[in-house]
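The next block holds one structure in the form of structure tokens; read it before the comments.
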Amino acid sequence: MAQTPVRPDAKLVPIRQGVVAPSRPRDPRIDAFRGLALMMIVIDHMPGNPWEEITVRNIGFSDAAEAFFIMSGIAAGIAYSPGIARWLNGAGSLWPAMAPMWRRAWQLYVVQILLTVLALALFGWAASTFVRAEFRDMHNLALIYEQTGPALVGLGTLGYQIGYVNILPSYIVLLIAAPFVLMAGVRAPWLTVAASLVLWFIAGAQGWNIPNHPGGGGWFLSPYQWQAIFVIGLVIGIRHRQDQRLVPVHRGLFWGAVALLVFIFAWRHLPGLAPIMNHKMAQLSWLGAPSNITTHNKTILAFPRFLHILALAYVLSCLPLVTRLCAHPIAAPLRLMGGHGLLVFGLGTILSLIGQIIMDVFAGQAWLPWGLPPVGVLLCYAAAVVAEAARRASASAQRARVTPPQPEGGDRSAPVTASAKA
């Protein structure tokens, strides 16, 4: 990502061998794109609405999940790499550097359990209220009724996942592993990326995944494959914190990535091209190429999806206009939602499930698919506004507690004496 000028008044952190750069204003692209990804998740999780046509999955193979993972990785690399870097250089303790990531993982775990329980309650309520037994069978919900004991155990171990509430488990696992990846990424970024890609390829070829219990099968997003996009994000964040790019801006590479995005768009939308390309992928499969190369499977982060999000991220990172747009006041709602990502994700998940129920029960109401997704997004934005106001009020109260009161009259620059404090 492009370098951002450092404010003259920026608070500096220790710089050791170029590992940690001065602190600086938050890159607007991080929150803006994360907010955009969260908005698209809300829309895409209400299937059958017309707004789906303008989300990222309709310009290529990847969707908001890939965008969410790479942006979360970048944000984690920026936020957590300085503590790891200081420890690697003998200037800090390891536990204070690791603990924030594991506390965040625990917070995500609690949110995952809460979202799952709320989803079970919502669809159970809908089944009873609208006398629609099928609501108890949707999204893998039937297991909680058929195998209640094992399902409750699986709920706690993340082995029981229901549809549309199955993104966070893999992110939790990756965040637990993040301190160790950061240790490698700070020392050898490209070697770390290479090891991650090797694991992605082998795991996809061998079909590795964490098994579901009960019910069989594997996690919706296999951590063995999805770690690749998260690790790349982490290393981008590490380099960004050092005022460097992971992949330099290069004219040939940029236009190559643009050409790839145009070709993938054509593959998705030109009637004559899609059958040809899909047949070529099938031929590769017949020749023995693994499924993570020859399919579009989301669970294993198949190569076409992976390549698309990497090309898209690179092109966007090369354009100064993108940075200006993300910093513009018009993008403030996206930045705000991205800055309160967990709140927006959790609320958006529940609102999406409510939207599914309403559109199913009142299927004859043509306006619902048009109206419910924007309402969901607006409610998420409203929640972010409230959360930001509360955060600012808390910060102001904290500053008031630590700032000594100024004496009335006299020189305000003079130190406050004990009698003045009293």
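So you can find residues: chains in the structure tokens are A, B, ... in the order shown, residues in each start at 1, and ligands are numbered from 1 in order.
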
Neighbours of range 310-315 of chain A within 8 Å (only C-alpha atoms; same-chain residues fewer than 6 positions away dropped), as number ranges by chain? A: 254, 257-258, 260-261

Could you give me, as a ChimeraX atom specification, the residues within 12 Å of range 139-156 of chain A, counting only C-alpha atoms and dropping anything in the same chain fewer than 3 positions from it? /A:45,109-117,119-124,127,133-136,159-166,169,211-217,219-220,353,356

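Closest to Gly346 in chain A among A:Cys380, A:Leu158, A:Ile70, A:Ala332 is A:Cys380, based on only C-alpha atoms.
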
Quick one: residues within 12 Å of His308 in chain A, only C-alpha atoms counted, chain neighbours fewer than 2 positions away excluded, as a count of residues only? 35

In Å, with one decimal, what is the gap from CA of Pro333 in chain A to CA of Phe68 in chain A? 16.9 Å
